[in-house]
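Next comes input.tsv, with TSV, C-alpha atoms.
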```
chain	number	residue	atom	x	y	z
A	1	MET	CA	28.52	19.39	-64.31
A	2	GLY	CA	32.01	20.07	-65.59
A	3	THR	CA	31.69	23.72	-64.66
A	4	GLU	CA	32.61	25.30	-61.35
A	5	PRO	CA	29.97	24.73	-58.67
A	6	VAL	CA	30.26	28.35	-57.51
A	7	ASP	CA	29.84	31.66	-59.33
A	8	LEU	CA	32.23	33.87	-57.38
A	9	ALA	CA	31.07	37.01	-59.19
A	10	ALA	CA	27.52	36.37	-57.93
A	11	ALA	CA	28.80	35.73	-54.41
A	12	ARG	CA	30.76	38.98	-54.49
A	13	ARG	CA	27.68	40.89	-55.57
A	14	TRP	CA	25.66	39.40	-52.69
A	15	VAL	CA	28.21	40.62	-50.14
A	16	GLY	CA	28.72	43.98	-51.82
A	17	GLY	CA	32.33	43.14	-52.64
A	18	ASP	CA	33.20	42.67	-48.96
A	19	ARG	CA	35.99	40.07	-49.08
A	20	ALA	CA	36.11	39.60	-45.31
A	21	LEU	CA	32.39	38.95	-45.17
A	22	LEU	CA	32.59	36.44	-48.01
A	23	LEU	CA	35.44	34.61	-46.27
A	24	GLU	CA	33.45	34.52	-43.04
A	25	LEU	CA	30.32	33.20	-44.76
A	26	VAL	CA	32.31	30.54	-46.61
A	27	GLY	CA	33.94	29.45	-43.35
A	28	ILE	CA	30.57	29.09	-41.64
A	29	PHE	CA	29.07	27.29	-44.63
A	30	VAL	CA	31.89	24.74	-44.86
A	31	ALA	CA	31.93	24.18	-41.09
A	32	GLU	CA	28.17	23.56	-40.96
A	33	ALA	CA	27.69	21.62	-44.22
A	34	SER	CA	28.01	18.16	-42.71
A	35	ALA	CA	25.63	18.97	-39.84
A	36	ARG	CA	23.04	20.38	-42.23
A	37	LEU	CA	23.21	17.28	-44.38
A	38	GLY	CA	22.75	15.18	-41.26
A	39	GLU	CA	19.72	17.25	-40.29
A	40	LEU	CA	18.22	16.70	-43.74
A	41	ARG	CA	18.82	12.95	-43.56
A	42	GLY	CA	17.32	12.77	-40.08
A	43	ALA	CA	14.27	14.77	-41.10
A	44	LEU	CA	13.75	12.56	-44.14
A	45	THR	CA	14.13	9.37	-42.12
A	46	SER	CA	11.62	10.56	-39.52
A	47	ARG	CA	9.40	12.11	-42.23
A	48	ASN	CA	9.53	15.43	-40.42
A	49	VAL	CA	8.13	17.68	-43.13
A	50	LYS	CA	8.62	20.97	-41.29
A	51	GLU	CA	12.26	20.21	-40.44
A	52	LEU	CA	13.02	19.00	-43.95
A	53	GLU	CA	11.50	22.17	-45.40
A	54	ARG	CA	13.26	24.41	-42.87
A	55	VAL	CA	16.74	23.00	-43.40
A	56	ALA	CA	16.37	22.79	-47.19
A	57	HIS	CA	15.14	26.40	-47.25
A	58	SER	CA	18.00	27.62	-45.06
A	59	LEU	CA	20.60	25.79	-47.13
A	60	LYS	CA	18.97	27.14	-50.31
A	61	GLY	CA	19.49	30.68	-49.05
A	62	SER	CA	23.11	30.05	-48.11
A	63	ALA	CA	23.77	28.47	-51.50
A	64	GLY	CA	22.24	31.46	-53.25
A	65	ILE	CA	24.40	33.94	-51.37
A	66	LEU	CA	27.52	31.93	-52.18
A	67	GLY	CA	26.68	31.68	-55.88
A	68	ALA	CA	26.10	27.92	-55.81
A	69	SER	CA	23.12	27.83	-58.18
A	70	GLU	CA	23.01	24.04	-58.73
A	71	LEU	CA	23.00	23.46	-54.98
A	72	GLN	CA	20.38	26.17	-54.59
A	73	GLN	CA	18.19	24.43	-57.18
A	74	ALA	CA	18.64	21.02	-55.51
A	75	CYS	CA	17.59	22.55	-52.18
A	76	ALA	CA	14.56	24.21	-53.75
A	77	GLU	CA	13.43	20.91	-55.27
A	78	LEU	CA	13.79	19.10	-51.95
A	79	GLU	CA	11.97	21.89	-50.15
A	80	LEU	CA	9.06	21.65	-52.60
A	81	ALA	CA	8.96	17.87	-52.35
A	82	ALA	CA	8.85	18.11	-48.56
A	83	ALA	CA	6.02	20.65	-48.69
A	84	ALA	CA	4.07	18.29	-50.96
A	85	LYS	CA	4.95	15.31	-48.70
A	86	ARG	CA	6.56	13.60	-51.70
A	87	PHE	CA	8.59	11.09	-49.75
A	88	ASP	CA	8.73	8.91	-52.85
A	89	VAL	CA	11.05	11.38	-54.63
A	90	ALA	CA	12.75	12.99	-51.63
A	91	PRO	CA	15.54	10.39	-51.27
A	92	ALA	CA	16.71	10.92	-54.86
A	93	LEU	CA	16.54	14.69	-54.39
A	94	LEU	CA	18.57	14.43	-51.20
A	95	THR	CA	21.16	12.35	-53.05
A	96	ARG	CA	21.47	15.09	-55.67
A	97	LEU	CA	21.67	17.75	-52.97
A	98	ASP	CA	24.38	15.74	-51.19
A	99	SER	CA	26.39	15.55	-54.42
A	100	GLU	CA	26.08	19.28	-55.09
A	101	LEU	CA	26.90	20.14	-51.49
A	102	GLY	CA	30.03	18.01	-51.77
A	103	ARG	CA	31.09	19.87	-54.90
A	104	VAL	CA	30.59	23.26	-53.28
A	105	VAL	CA	32.40	22.30	-50.07
A	106	ALA	CA	35.31	20.83	-52.08
A	107	PHE	CA	35.49	24.05	-54.10
A	108	PHE	CA	35.76	26.18	-50.97
A	109	ARG	CA	38.17	23.80	-49.22
A	110	ASP	CA	40.63	24.36	-52.06
A	111	PRO	CA	42.43	27.56	-51.05
A	112	SER	CA	42.93	28.52	-54.69
A	113	TRP	CA	39.29	29.67	-54.89
A	114	GLN	CA	40.36	32.85	-53.12
A	115	SER	CA	42.49	33.88	-56.09
A	116	ARG	CA	39.69	33.23	-58.60
A	117	GLY	CA	37.91	36.53	-58.83
A	118	VAL	CA	37.55	37.45	-55.18
A	119	GLY	CA	40.05	40.28	-55.31
A	120	PRO	CA	41.17	42.52	-52.44
```
Using the file provided, produce a representation of the structure as structure tokens.
Amino acid sequence: MGTEPVDLAAARRWVGGDRALLLELVGIFVAEASARLGELRGALTSRNVKELERVAHSLKGSAGILGASELQQACAELELAAAAKRFDVAPALLTRLDSELGRVVAFFRDPSWQSRGVGP
């Protein structure tokens, strides 16, 4: 886990090199991260399988676009656990997801990320 939580080259490929689009997507992601985590926690607490799957799936897609592969994997695992109604393992998976989400958000909150391979 000592590596960067985001692969900026992958993110650039997803947006076709469009810097403005990447900046917009990052802004939305960071602004909504806390709410999405809250939705996941609420869905887990209420054992709402469909909501847990939906939010984990959505966050998985966002993580993929932004090159956050560890977060994407954590979301995929939680999504699968929800689909299988594995509430015994879901809390630990959500804890991992929370940790990865925190790493990705911290990465993007540091303005220096924009000079690390995003280019003009």
Contacts of range 34-71 of chain A with range 89-92 of chain A up to 12 Å, shortest pair per row, only C-alpha atoms, as a tab-separated table:
```
residue	atom	partner	partner_atom	distance
A:Leu40	CA	A:Pro91	CA	10.2
A:Arg41	CA	A:Pro91	CA	8.8
A:Gly42	CA	A:Pro91	CA	11.6
A:Ala43	CA	A:Ala90	CA	10.8
A:Leu44	CA	A:Ala90	CA	7.6
A:Thr45	CA	A:Pro91	CA	9.3
A:Arg47	CA	A:Ala90	CA	10.0
A:Asn48	CA	A:Ala90	CA	11.9
A:Val49	CA	A:Ala90	CA	10.8
A:Leu52	CA	A:Ala90	CA	9.8
A:Glu53	CA	A:Ala90	CA	11.2
A:Ala56	CA	A:Ala90	CA	11.4
```
Give, as lines of an AutoDock Vina configuration file, the centre coordinates and the x, y and z edge lengths in Å to one decimal for an axis-aligned box around all listed atoms of range 44-48 of chain A, padded by 6 Å on each side.
```
center_x = 11.8
center_y = 12.4
center_z = -41.8
size_x = 16.7
size_y = 18.1
size_z = 16.6
```
(message) I'd like the interatomic distance between CA of Ala76 in chain A and CA of Ala63 in chain A, to a tenth of an Å.
(response) 10.4 Å
(request) Excluding Ser115 in chain A and any residue of its chain fewer than 5 positions from it, enumerate the residues within 12 Å of it, using all atoms listed in the file, and give them as a VMD selection string. (result) chain A and resid 8 19 108 110 120
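Candidate residues A:Ala106, A:Leu101, A:Ala20, A:Ala81 were compared for distance to Leu37 in chain A, and the nearest is A:Leu101, using all atoms listed in the file.
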(message) Would you pick out the contacts of Glu70 in chain A at 9 Å or less, using only C-alpha atoms, so that residues sharing its chain but fewer than 2 positions from it are not included, and give the list as a PyMOL selection string?
(response) chain A and resi 5-6+63+67-68+72-75+97+100
(request) Report the distance between CA of Val15 in chain A and CA of Ala31 in chain A in Å, rounded to one decimal place. (result) 19.1 Å
